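Trainee: Structure file upload-v5.cif (mmCIF, C-alpha atoms) right here:
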```cif
data_model
loop_
_atom_site.group_PDB
_atom_site.id
_atom_site.type_symbol
_atom_site.label_atom_id
_atom_site.label_comp_id
_atom_site.auth_asym_id
_atom_site.auth_seq_id
_atom_site.Cartn_x
_atom_site.Cartn_y
_atom_site.Cartn_z
ATOM 1 C CA MET Y 11 19.557 -16.444 30.544
ATOM 2 C CA LYS Y 12 18.645 -13.343 32.565
ATOM 3 C CA LYS Y 13 18.250 -11.324 29.382
ATOM 4 C CA ALA Y 14 16.113 -14.043 27.801
ATOM 5 C CA ILE Y 15 13.797 -13.984 30.808
ATOM 6 C CA LYS Y 16 13.507 -10.209 30.553
ATOM 7 C CA VAL Y 17 12.569 -10.403 26.899
ATOM 8 C CA ALA Y 18 10.009 -13.097 27.627
ATOM 9 C CA LEU Y 19 8.529 -11.040 30.450
ATOM 10 C CA THR Y 20 8.406 -8.019 28.193
ATOM 11 C CA GLY Y 21 6.512 -9.962 25.572
ATOM 12 C CA ALA Y 22 4.022 -11.232 28.146
ATOM 13 C CA VAL Y 23 3.475 -7.988 30.005
ATOM 14 C CA LEU Y 24 3.433 -5.812 26.903
ATOM 15 C CA SER Y 25 1.172 -7.868 24.650
ATOM 16 C CA GLY Y 26 -1.038 -5.905 22.328
ATOM 17 C CA VAL Y 27 1.583 -3.599 20.894
ATOM 18 C CA LEU Y 28 -0.049 -0.772 19.017
ATOM 19 C CA CYS Y 29 0.706 -1.038 15.321
ATOM 20 C CA SER Y 30 0.623 2.728 14.984
ATOM 21 C CA ALA Y 31 3.808 2.997 17.037
ATOM 22 C CA SER Y 32 5.905 1.537 14.235
ATOM 23 C CA LEU Y 33 4.342 3.443 11.398
ATOM 24 C CA VAL Y 34 4.633 6.960 10.101
ATOM 25 C CA GLU Y 35 2.063 8.756 7.986
ATOM 26 C CA ALA Y 36 1.444 6.932 4.708
ATOM 27 C CA SER Y 37 2.336 10.091 2.808
ATOM 28 C CA SER Y 38 5.613 10.748 4.603
ATOM 29 C CA TYR Y 39 8.903 8.980 5.292
ATOM 30 C CA ILE Y 40 11.558 9.536 7.975
ATOM 31 C CA VAL Y 41 15.083 9.478 6.535
ATOM 32 C CA GLN Y 42 17.209 6.630 7.904
ATOM 33 C CA LYS Y 43 20.964 6.114 7.980
ATOM 34 C CA GLY Y 44 22.180 5.083 4.528
ATOM 35 C CA ASP Y 45 19.236 6.636 2.661
ATOM 36 C CA THR Y 46 19.619 8.581 -0.567
ATOM 37 C CA LEU Y 47 17.006 10.416 -2.610
ATOM 38 C CA SER Y 48 17.319 7.789 -5.339
ATOM 39 C CA LYS Y 49 16.849 4.957 -2.837
ATOM 40 C CA ILE Y 50 13.777 6.626 -1.323
ATOM 41 C CA ALA Y 51 12.342 7.397 -4.762
ATOM 42 C CA LYS Y 52 12.680 3.744 -5.842
ATOM 43 C CA ALA Y 53 11.094 2.482 -2.636
ATOM 44 C CA HIS Y 54 8.040 4.674 -3.164
ATOM 45 C CA ASN Y 55 7.727 4.348 -6.949
ATOM 46 C CA THR Y 56 8.443 7.987 -7.632
ATOM 47 C CA THR Y 57 11.315 10.125 -8.926
ATOM 48 C CA ILE Y 58 14.050 12.224 -7.388
ATOM 49 C CA GLN Y 59 12.650 15.292 -9.157
ATOM 50 C CA GLN Y 60 9.206 14.654 -7.683
ATOM 51 C CA LEU Y 61 10.640 14.281 -4.168
ATOM 52 C CA LYS Y 62 12.517 17.554 -4.569
ATOM 53 C CA GLN Y 63 9.381 19.311 -5.776
ATOM 54 C CA TRP Y 64 7.147 18.000 -2.972
ATOM 55 C CA ASN Y 65 9.715 18.824 -0.300
ATOM 56 C CA GLN Y 66 11.044 22.059 -1.810
ATOM 57 C CA LEU Y 67 14.591 20.721 -1.904
ATOM 58 C CA SER Y 68 17.147 22.764 -3.807
ATOM 59 C CA GLY Y 69 19.735 19.979 -3.864
ATOM 60 C CA ASP Y 70 20.285 16.304 -3.093
ATOM 61 C CA GLN Y 71 21.203 16.857 0.569
ATOM 62 C CA ILE Y 72 19.019 15.057 3.107
ATOM 63 C CA TYR Y 73 19.703 14.244 6.726
ATOM 64 C CA ILE Y 74 18.854 11.528 9.219
ATOM 65 C CA ALA Y 75 15.411 11.892 10.892
ATOM 66 C CA GLN Y 76 14.248 14.384 8.239
ATOM 67 C CA SER Y 77 10.587 13.934 7.296
ATOM 68 C CA LEU Y 78 9.973 13.752 3.539
ATOM 69 C CA VAL Y 79 6.686 13.750 1.639
ATOM 70 C CA VAL Y 80 6.855 10.675 -0.597
ATOM 71 C CA THR Y 81 3.400 10.550 -2.150
ATOM 72 C CA LYS Y 82 0.455 12.845 -2.740
ATOM 73 C CA LEU Y 83 -3.118 12.003 -3.620
ATOM 74 C CA GLY Y 84 -3.676 12.125 -7.342
ATOM 75 C CA SER Y 85 0.024 11.893 -8.183
ATOM 76 C CA SER Y 86 0.978 9.785 -11.175
ATOM 77 C CA ASN Y 87 3.327 7.614 -9.085
ATOM 78 C CA ASN Y 88 0.395 5.761 -7.496
ATOM 79 C CA GLY Y 89 -0.217 2.395 -9.092
ATOM 80 C CA GLY Y 90 3.132 1.804 -10.737
ATOM 81 C CA THR Y 91 6.562 3.106 -11.615
ATOM 82 C CA SER Y 92 6.657 5.746 -14.328
ATOM 83 C CA ASN Y 93 9.016 5.570 -17.293
ATOM 84 C CA THR Y 94 11.080 8.336 -15.735
ATOM 85 C CA ALA Y 95 11.363 6.430 -12.475
ATOM 86 C CA SER Y 96 12.330 3.266 -14.338
ATOM 87 C CA GLU Y 97 15.056 5.147 -16.172
ATOM 88 C CA GLU Y 98 16.373 6.515 -12.871
ATOM 89 C CA ILE Y 99 16.472 2.999 -11.424
ATOM 90 C CA LYS Y 100 18.437 1.822 -14.448
ATOM 91 C CA GLN Y 101 20.880 4.715 -14.064
ATOM 92 C CA ASP Y 102 21.202 4.010 -10.343
ATOM 93 C CA VAL Y 103 22.167 0.385 -11.006
ATOM 94 C CA GLN Y 104 24.810 1.587 -13.416
ATOM 95 C CA LYS Y 105 26.283 3.747 -10.654
ATOM 96 C CA SER Y 106 27.128 0.650 -8.645
ATOM 97 C CA LEU Y 107 30.357 -1.317 -8.943
ATOM 98 C CA SER Y 108 31.909 -4.297 -7.213
ATOM 99 C CA HIS Y 109 35.160 -4.690 -5.354
ATOM 100 C CA LYS Y 110 36.932 -8.028 -5.148
ATOM 101 C CA VAL Y 111 38.569 -8.477 -1.760
ATOM 102 C CA ILE Y 112 42.313 -9.080 -1.920
ATOM 103 C CA LYS Y 113 44.839 -10.064 0.753
ATOM 104 C CA GLY Y 114 45.302 -7.230 3.231
ATOM 105 C CA ASP Y 115 41.890 -5.654 2.592
ATOM 106 C CA THR Y 116 39.739 -4.456 5.473
ATOM 107 C CA LEU Y 117 36.353 -2.766 5.312
ATOM 108 C CA SER Y 118 37.886 0.496 6.533
ATOM 109 C CA LYS Y 119 40.553 0.333 3.835
ATOM 110 C CA ILE Y 120 37.947 -0.365 1.141
ATOM 111 C CA ALA Y 121 35.673 2.367 2.461
ATOM 112 C CA LYS Y 122 38.516 4.879 2.286
ATOM 113 C CA LYS Y 123 39.331 3.840 -1.287
ATOM 114 C CA TYR Y 124 35.770 4.524 -2.453
ATOM 115 C CA SER Y 125 35.178 7.587 -0.234
ATOM 116 C CA THR Y 126 32.401 5.968 1.749
ATOM 117 C CA THR Y 127 31.971 4.381 5.189
ATOM 118 C CA VAL Y 128 32.226 0.890 6.658
ATOM 119 C CA GLU Y 129 28.556 1.186 7.676
ATOM 120 C CA ASN Y 130 27.500 1.813 4.066
ATOM 121 C CA ILE Y 131 29.425 -1.206 2.763
ATOM 122 C CA ILE Y 132 27.869 -3.404 5.454
ATOM 123 C CA LEU Y 133 24.420 -2.060 4.536
ATOM 124 C CA TRP Y 134 24.857 -2.464 0.758
ATOM 125 C CA ASN Y 135 26.055 -6.064 1.141
ATOM 126 C CA ASN Y 136 23.852 -7.225 4.038
ATOM 127 C CA LEU Y 137 26.932 -8.166 6.053
ATOM 128 C CA LYS Y 138 26.439 -9.496 9.570
ATOM 129 C CA SER Y 139 29.834 -8.263 10.755
ATOM 130 C CA ASP Y 140 32.971 -6.495 9.480
ATOM 131 C CA SER Y 141 34.574 -9.830 8.628
ATOM 132 C CA ILE Y 142 35.464 -10.325 4.946
ATOM 133 C CA LYS Y 143 37.500 -12.924 3.041
ATOM 134 C CA VAL Y 144 39.827 -12.925 0.034
ATOM 135 C CA GLY Y 145 37.939 -13.331 -3.232
ATOM 136 C CA GLN Y 146 34.662 -12.002 -1.826
ATOM 137 C CA LYS Y 147 32.825 -9.517 -4.051
ATOM 138 C CA LEU Y 148 31.445 -6.402 -2.387
ATOM 139 C CA MET Y 149 28.928 -4.040 -4.003
ATOM 140 C CA ILE Y 150 29.894 -0.373 -3.824
ATOM 141 C CA ASN Y 151 27.303 2.315 -4.554
ATOM 142 C CA LYS Y 152 28.706 5.556 -5.976
ATOM 143 C CA ASP Y 153 25.729 7.836 -5.244
ATOM 144 C CA THR Y 154 26.879 11.243 -4.059
ATOM 145 C CA ASP Y 155 23.870 11.894 -1.822
ATOM 146 C CA ILE Y 156 24.627 9.007 0.579
ATOM 147 C CA ILE Y 157 24.125 9.974 4.218
ATOM 148 C CA ASP Y 158 27.382 8.654 5.669
ATOM 149 C CA GLU Y 159 27.095 10.543 8.915
ATOM 150 C CA ALA Y 160 25.335 13.461 10.565
ATOM 151 C CA PRO Y 161 25.084 16.705 8.596
ATOM 152 C CA THR Y 162 27.199 19.687 9.554
ATOM 153 C CA ALA Y 163 25.890 22.499 11.712
ATOM 154 C CA ASN Y 164 25.562 24.707 8.638
ATOM 155 C CA GLU Y 165 23.478 22.082 6.836
ATOM 156 C CA VAL Y 166 21.123 21.721 9.769
ATOM 157 C CA GLU Y 167 20.820 25.457 10.232
ATOM 158 C CA ALA Y 168 19.886 25.806 6.571
ATOM 159 C CA GLU Y 169 16.736 23.819 7.371
ATOM 160 C CA ILE Y 170 15.726 26.216 10.166
ATOM 161 C CA ASN Y 171 13.573 29.266 9.429
ATOM 162 C CA PHE Y 172 15.270 32.662 9.347
ATOM 163 C CA LYS Y 173 18.693 31.003 9.233
ATOM 164 C CA GLU Y 174 18.787 30.714 13.017
ATOM 165 C CA THR Y 175 21.465 28.607 14.621
ATOM 166 C CA ALA Y 176 20.274 25.359 16.169
ATOM 167 C CA ASP Y 177 20.753 26.779 19.680
ATOM 168 C CA GLU Y 178 18.715 29.878 18.814
ATOM 169 C CA ALA Y 179 15.918 27.716 17.415
ATOM 170 C CA ILE Y 180 15.904 25.572 20.578
ATOM 171 C CA GLU Y 181 15.769 28.649 22.815
ATOM 172 C CA LYS Y 182 12.997 30.175 20.709
ATOM 173 C CA GLN Y 183 10.976 26.958 20.965
ATOM 174 C CA LEU Y 184 11.315 26.794 24.755
ATOM 175 C CA ASN Y 185 10.461 30.485 25.149
ATOM 176 C CA SER Y 186 7.281 29.981 23.121
ATOM 177 C CA GLU Y 187 6.004 27.227 25.438
ATOM 178 C CA LYS Y 188 3.953 27.552 28.599
ATOM 179 C CA THR Y 189 5.451 25.778 31.602
ATOM 180 C CA ALA Y 190 3.601 22.596 32.511
ATOM 181 C CA ALA Y 191 1.918 22.281 35.894
ATOM 182 C CA LEU Y 192 3.966 21.021 38.824
ATOM 183 C CA SER Y 193 1.648 18.036 39.322
ATOM 184 C CA ILE Y 194 -0.370 15.727 37.084
ATOM 185 C CA SER Y 195 -3.699 13.926 37.462
ATOM 186 C CA LYS Y 196 -4.075 10.603 39.250
ATOM 187 C CA ALA Y 197 -4.791 8.860 35.929
ATOM 188 C CA ASN Y 198 -1.618 10.224 34.361
ATOM 189 C CA THR Y 199 0.383 9.417 37.493
ATOM 190 C CA GLU Y 200 -0.719 5.794 37.046
ATOM 191 C CA LEU Y 201 0.200 6.015 33.343
ATOM 192 C CA TYR Y 202 3.681 7.277 34.256
ATOM 193 C CA THR Y 203 4.102 4.469 36.794
ATOM 194 C CA LYS Y 204 3.195 1.868 34.185
ATOM 195 C CA ALA Y 205 5.497 3.500 31.607
ATOM 196 C CA LEU Y 206 8.434 3.313 34.025
ATOM 197 C CA GLU Y 207 7.720 -0.352 34.771
ATOM 198 C CA ILE Y 208 7.724 -1.117 31.042
ATOM 199 C CA ALA Y 209 10.909 0.873 30.505
ATOM 200 C CA MET Y 210 12.725 -0.993 33.283
ATOM 201 C CA LEU Y 211 11.753 -4.354 31.800
ATOM 202 C CA ALA Y 212 13.550 -3.305 28.620
ATOM 203 C CA ILE Y 213 16.972 -2.812 30.254
ATOM 204 C CA ASP Y 214 19.750 -4.586 28.286
ATOM 205 C CA ILE Y 215 17.696 -4.867 25.090
ATOM 206 C CA PRO Y 216 20.203 -3.877 22.357
ATOM 207 C CA TYR Y 217 20.353 -0.634 20.430
ATOM 208 C CA LYS Y 218 19.019 -0.827 16.875
ATOM 209 C CA TYR Y 219 18.879 2.161 14.553
ATOM 210 C CA GLY Y 220 15.230 2.753 13.640
ATOM 211 C CA GLY Y 221 14.172 0.015 16.075
ATOM 212 C CA ASN Y 222 10.960 0.180 18.095
ATOM 213 C CA THR Y 223 10.422 -3.437 19.185
ATOM 214 C CA ILE Y 224 11.981 -5.678 21.839
ATOM 215 C CA GLU Y 225 14.440 -6.865 19.197
ATOM 216 C CA GLY Y 226 16.118 -3.469 19.483
ATOM 217 C CA PHE Y 227 15.388 0.236 20.020
ATOM 218 C CA ASP Y 228 16.717 3.608 19.051
ATOM 219 C CA CYS Y 229 16.007 6.516 21.410
ATOM 220 C CA SER Y 230 12.731 7.776 19.935
ATOM 221 C CA GLY Y 231 11.553 4.261 19.081
ATOM 222 C CA PHE Y 232 11.982 3.376 22.759
ATOM 223 C CA ILE Y 233 9.909 6.388 23.816
ATOM 224 C CA SER Y 234 7.026 5.602 21.450
ATOM 225 C CA TYR Y 235 7.059 1.915 22.438
ATOM 226 C CA VAL Y 236 6.985 2.601 26.181
ATOM 227 C CA TYR Y 237 4.221 5.194 26.169
ATOM 228 C CA ASN Y 238 2.041 3.397 23.636
ATOM 229 C CA ASN Y 239 2.164 0.247 25.738
ATOM 230 C CA ALA Y 240 1.459 2.239 28.874
ATOM 231 C CA GLY Y 241 -1.797 3.371 27.261
ATOM 232 C CA LEU Y 242 -0.863 6.734 25.755
ATOM 233 C CA LYS Y 243 -1.177 6.836 21.981
ATOM 234 C CA LEU Y 244 2.012 8.306 20.612
ATOM 235 C CA GLU Y 245 3.041 8.537 16.963
ATOM 236 C CA ARG Y 246 6.559 7.384 16.100
ATOM 237 C CA LYS Y 247 8.670 10.497 15.498
ATOM 238 C CA SER Y 248 12.231 11.726 15.806
ATOM 239 C CA SER Y 249 13.591 13.324 18.988
ATOM 240 C CA LEU Y 250 13.519 16.739 17.306
ATOM 241 C CA GLN Y 251 9.874 16.313 16.293
ATOM 242 C CA TYR Y 252 8.848 15.253 19.800
ATOM 243 C CA PHE Y 253 10.690 18.289 21.169
ATOM 244 C CA GLU Y 254 9.032 20.756 18.803
ATOM 245 C CA GLN Y 255 5.567 19.269 18.352
ATOM 246 C CA ASP Y 256 4.476 17.096 21.273
ATOM 247 C CA THR Y 257 6.012 18.345 24.511
ATOM 248 C CA GLN Y 258 6.153 21.391 26.789
ATOM 249 C CA LYS Y 259 8.815 22.487 29.239
ATOM 250 C CA VAL Y 260 8.586 21.688 32.956
ATOM 251 C CA GLN Y 261 10.100 23.522 35.896
ATOM 252 C CA GLN Y 262 10.547 20.431 38.046
ATOM 253 C CA PRO Y 263 10.439 17.071 36.234
ATOM 254 C CA LEU Y 264 8.421 14.125 37.477
ATOM 255 C CA PRO Y 265 9.528 10.510 36.970
ATOM 256 C CA GLY Y 266 8.012 9.694 33.590
ATOM 257 C CA ASP Y 267 8.725 13.078 31.986
ATOM 258 C CA ILE Y 268 11.095 13.234 29.019
ATOM 259 C CA VAL Y 269 14.628 14.621 28.955
ATOM 260 C CA PHE Y 270 16.146 16.004 25.740
ATOM 261 C CA PHE Y 271 19.748 16.372 24.589
ATOM 262 C CA LYS Y 272 21.462 18.017 21.620
ATOM 263 C CA ASN Y 273 24.643 17.504 19.585
ATOM 264 C CA THR Y 274 24.862 13.728 19.995
ATOM 265 C CA TYR Y 275 24.971 13.095 16.231
ATOM 266 C CA ILE Y 276 23.441 16.230 14.715
ATOM 267 C CA PRO Y 277 23.891 19.778 16.043
ATOM 268 C CA THR Y 278 20.328 20.154 17.325
ATOM 269 C CA ILE Y 279 17.900 18.033 19.388
ATOM 270 C CA SER Y 280 19.120 14.507 18.713
ATOM 271 C CA HIS Y 281 18.533 12.288 21.754
ATOM 272 C CA MET Y 282 15.868 11.681 24.390
ATOM 273 C CA GLY Y 283 15.191 9.516 27.403
ATOM 274 C CA ILE Y 284 12.699 9.016 30.237
ATOM 275 C CA TYR Y 285 13.433 10.702 33.567
ATOM 276 C CA ILE Y 286 13.255 8.243 36.475
ATOM 277 C CA GLY Y 287 14.214 10.581 39.331
ATOM 278 C CA GLY Y 288 17.446 11.414 41.147
ATOM 279 C CA ASP Y 289 18.963 13.039 38.018
ATOM 280 C CA GLN Y 290 18.796 9.665 36.263
ATOM 281 C CA PHE Y 291 17.124 8.707 33.010
ATOM 282 C CA ILE Y 292 16.561 5.497 31.071
ATOM 283 C CA HIS Y 293 17.231 5.546 27.342
ATOM 284 C CA ALA Y 294 18.340 3.655 24.263
ATOM 285 C CA GLY Y 295 22.052 4.390 24.096
ATOM 286 C CA THR Y 296 24.740 2.752 22.002
ATOM 287 C CA LYS Y 297 25.026 0.045 24.679
ATOM 288 C CA GLY Y 298 21.310 -0.672 24.540
ATOM 289 C CA ILE Y 299 18.620 0.263 27.033
ATOM 290 C CA ASN Y 300 20.431 1.526 30.118
ATOM 291 C CA ILE Y 301 20.283 4.099 32.891
ATOM 292 C CA SER Y 302 22.488 7.201 32.826
ATOM 293 C CA ASN Y 303 22.900 10.310 34.965
ATOM 294 C CA VAL Y 304 22.240 13.790 33.615
ATOM 295 C CA ASN Y 305 25.230 15.075 35.599
ATOM 296 C CA GLU Y 306 27.704 12.824 33.783
ATOM 297 C CA LYS Y 307 30.054 15.022 31.752
ATOM 298 C CA TYR Y 308 28.880 13.797 28.349
ATOM 299 C CA TRP Y 309 25.176 14.267 29.105
ATOM 300 C CA ASN Y 310 25.598 17.449 31.126
ATOM 301 C CA GLU Y 311 27.306 19.169 28.192
ATOM 302 C CA ARG Y 312 24.438 18.174 25.876
ATOM 303 C CA PHE Y 313 21.467 18.610 28.210
ATOM 304 C CA VAL Y 314 18.664 20.842 26.887
ATOM 305 C CA ALA Y 315 15.519 20.458 28.990
ATOM 306 C CA TYR Y 316 13.037 18.273 30.781
ATOM 307 C CA LYS Y 317 9.662 18.269 29.043
ATOM 308 C CA ARG Y 318 6.225 16.685 29.367
ATOM 309 C CA LEU Y 319 3.993 15.264 26.676
ATOM 310 C CA THR Y 320 1.244 17.811 26.000
ATOM 311 C CA THR Y 321 -1.403 15.063 26.383
ATOM 312 C CA VAL Y 322 -0.333 14.495 30.008
ATOM 313 C CA LYS Y 323 -2.150 16.921 32.320
#
```
Before anything else, please render the file you have as structure tokens.

Mentor:
Amino acid sequence: MKKAIKVALTGAVLSGVLCSASLVEASSYIVQKGDTLSKIAKAHNTTIQQLKQWNQLSGDQIYIAQSLVVTKLGSSNNGGTSNTASEEIKQDVQKSLSHKVIKGDTLSKIAKKYSTTVENIILWNNLKSDSIKVGQKLMINKDTDIIDEAPTANEVEAEINFKETADEAIEKQLNSEKTAALSISKANTELYTKALEIAMLAIDIPYKYGGNTIEGFDCSGFISYVYNNAGLKLERKSSLQYFEQDTQKVQQPLPGDIVFFKNTYIPTISHMGIYIGGDQFIHAGTKGINISNVNEKYWNERFVAYKRLTTVK
């Protein structure tokens, strides 16, 4: 009942959600868990070859939170699926097979048999839980470019200029930034206060990968939701993009500044939260929106920096 009241209050207090918070650029797409190049190509009426060309990809490897160009003005994919795309869809369907559940089967056992993950099987079959029954048919997709889990350090580093390690790229980014002022304007202080109030109302809302509504949040979706509803227009991006593009380092954080972490699921910037003071931050963790302490062993080992949105002066 307490949670229901919180959700209701959130809906009342935070009416007028900005639509832009849940959208990315029309010409780009942020890779989600379970995505493949073929799946993305079908969704945007284009081809794998075209995606590779637009994004200068040498192979089929993509990773979660990667930004991909999926359409360009004047491209032939606008207005319908080409013959090539249709053929790829047909081939993709042929790559799928079904598994009939037998006595003793579990999702983990089936996943191991087909060299995939439980999460993928749940996604492919729209399962609500990991419960299955004898005789049930499960669709198994055999694509080799499935993103089962986070890429390796080497794969991430391959995406970084000059073949830097992730840590070197993070340090270079921080060294290139000017330190933000110790204080902020009265207007932005009020904005921060409102953002923290909104964030606190969201406590106990569940975690949802890709989520940015009160039905569920992931870490960057939570950030964009809070600040947009506090009155600061903020495009929905990944933690890494916010770190590199929209924030600057601070010497002493203020409640309302952002805290960044690395190595939570990819070996670079991969998690973020809102600093609330006293070494604590509020964030969308696996247990939902909750408050954690930067000095806890897990977070301390992954802490990178406190930063401030460049639009906050």

Trainee: Given the file above and the PyMOL selection byres ((chain Y and resi 77) around 6), which residues are selected, and can you give them as a list in words?

Mentor: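 On the file shown, the PyMOL selection byres ((chain Y and resi 77) around 6) covers Tyr39, Ile40, Gln76 and Leu78 of chain Y.
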
Trainee: Pick out the closest residue to Thr46 of chain Y from this set: Y:Ile279, Y:Asp115, Y:Asn273, Y:Asn130. Count all atoms listed in the file.

Mentor: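 Closest to Thr46 of chain Y, using all atoms listed in the file: Y:Asn130.
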
Trainee: Point out the residue among Y:Ala179, Y:Ile224, Y:Ile215, Y:Val260 with the least atom-to-atom distance to Leu192 of chain Y, counting all atoms listed in the file.

Mentor: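 Comparing Y:Ala179, Y:Ile224, Y:Ile215, Y:Val260 against Leu192 of chain Y, the winner is Y:Val260.
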
Trainee: What's the 8 Å shell around segment 250-259 of chain Y, counting all atoms listed in the file, without same-chain residues fewer than 2 positions away, as a list in words?

Mentor: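 After dropping sequence-adjacent residues, the list is Gln183, Leu184, Glu187, Lys188, Thr189, Ala190, Lys247, Ser248, Gln261, Phe270, Thr278, Ile279, Ser280, Ala315, Tyr316, Lys317, Arg318, Leu319 and Thr320 of chain Y.
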
Trainee: When you draw a straight line from atom CA of Gln59 of chain Y to atom CA of Tyr219 of chain Y, how long is it in Å?

Mentor: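 Between these atoms lies a distance of 27.8 Å.
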
Trainee: Quick one: which residues end up in the PyMOL selection byres ((chain Y and resi 227-230) around 10) for this structure, as number ranges by chain?

Mentor: Y: 212, 215-226, 231-236, 246-252, 280-284, 292-296, 298-299

Trainee: For the file shown, what are the residues hit by the PyMOL selection byres ((chain Y and resi 79) around 6), laid out as a PyMOL selection string?

Mentor: chain Y and resi 37-38+78+80-81

Trainee: Please compute the atom CA of Asn198 of chain Y-atom CA of Asp267 of chain Y distance, one decimal, in Å.

Mentor: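 A separation of 11.0 Å between them.
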
Trainee: So the first atom is atom CA of Ala240 of chain Y and the second is atom CA of Leu201 of chain Y; what is the distance between them in Å, to one decimal place?

Mentor: 6.0 Å

Trainee: With distances taken over all atoms listed in the file, which residue among Y:Ala53, Y:Leu242, Y:Ala176, Y:Ile142 lies nearest Glu200 of chain Y?

Mentor: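 Looking only at the distances to Glu200 of chain Y, the closest residue turns out to be Y:Leu242.
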
Trainee: Counting only C-alpha atoms, write as a ChimeraX atom specification all protein and nucleic acid residues lying at most 9 Å from (15.7, 12.4, -1.6) in the file's frame.

Mentor: /Y:41,45-51,57-59,61-62,65,67,69-72,78,155

Trainee: I'd like the neighbourhood of Ile120 of chain Y as a list in words, where a residue qualifies if any of its atoms comes within 10 Å (using all atoms listed in the file), though same-chain residues fewer than 5 positions away should be ignored.

Mentor: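 Near neighbours after the sequence-gap exclusion: His109, Lys110, Val111, Asp115, Ser125, Thr126, Thr127, Val128, Ile131, Leu148 and Ile150 of chain Y.
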
Trainee: Only C-alpha atoms, please: the residues just picked out, written as a short mmCIF file (atom, residue, chain, number, x, y, z; two decimals), in the frame of the given file.

Mentor:
```
data_model
loop_
_atom_site.label_atom_id
_atom_site.label_comp_id
_atom_site.auth_asym_id
_atom_site.auth_seq_id
_atom_site.Cartn_x
_atom_site.Cartn_y
_atom_site.Cartn_z
CA HIS Y 109 35.16 -4.69 -5.35
CA LYS Y 110 36.93 -8.03 -5.15
CA VAL Y 111 38.57 -8.48 -1.76
CA ASP Y 115 41.89 -5.65 2.59
CA SER Y 125 35.18 7.59 -0.23
CA THR Y 126 32.40 5.97 1.75
CA THR Y 127 31.97 4.38 5.19
CA VAL Y 128 32.23 0.89 6.66
CA ILE Y 131 29.42 -1.21 2.76
CA LEU Y 148 31.44 -6.40 -2.39
CA ILE Y 150 29.89 -0.37 -3.82
#
```
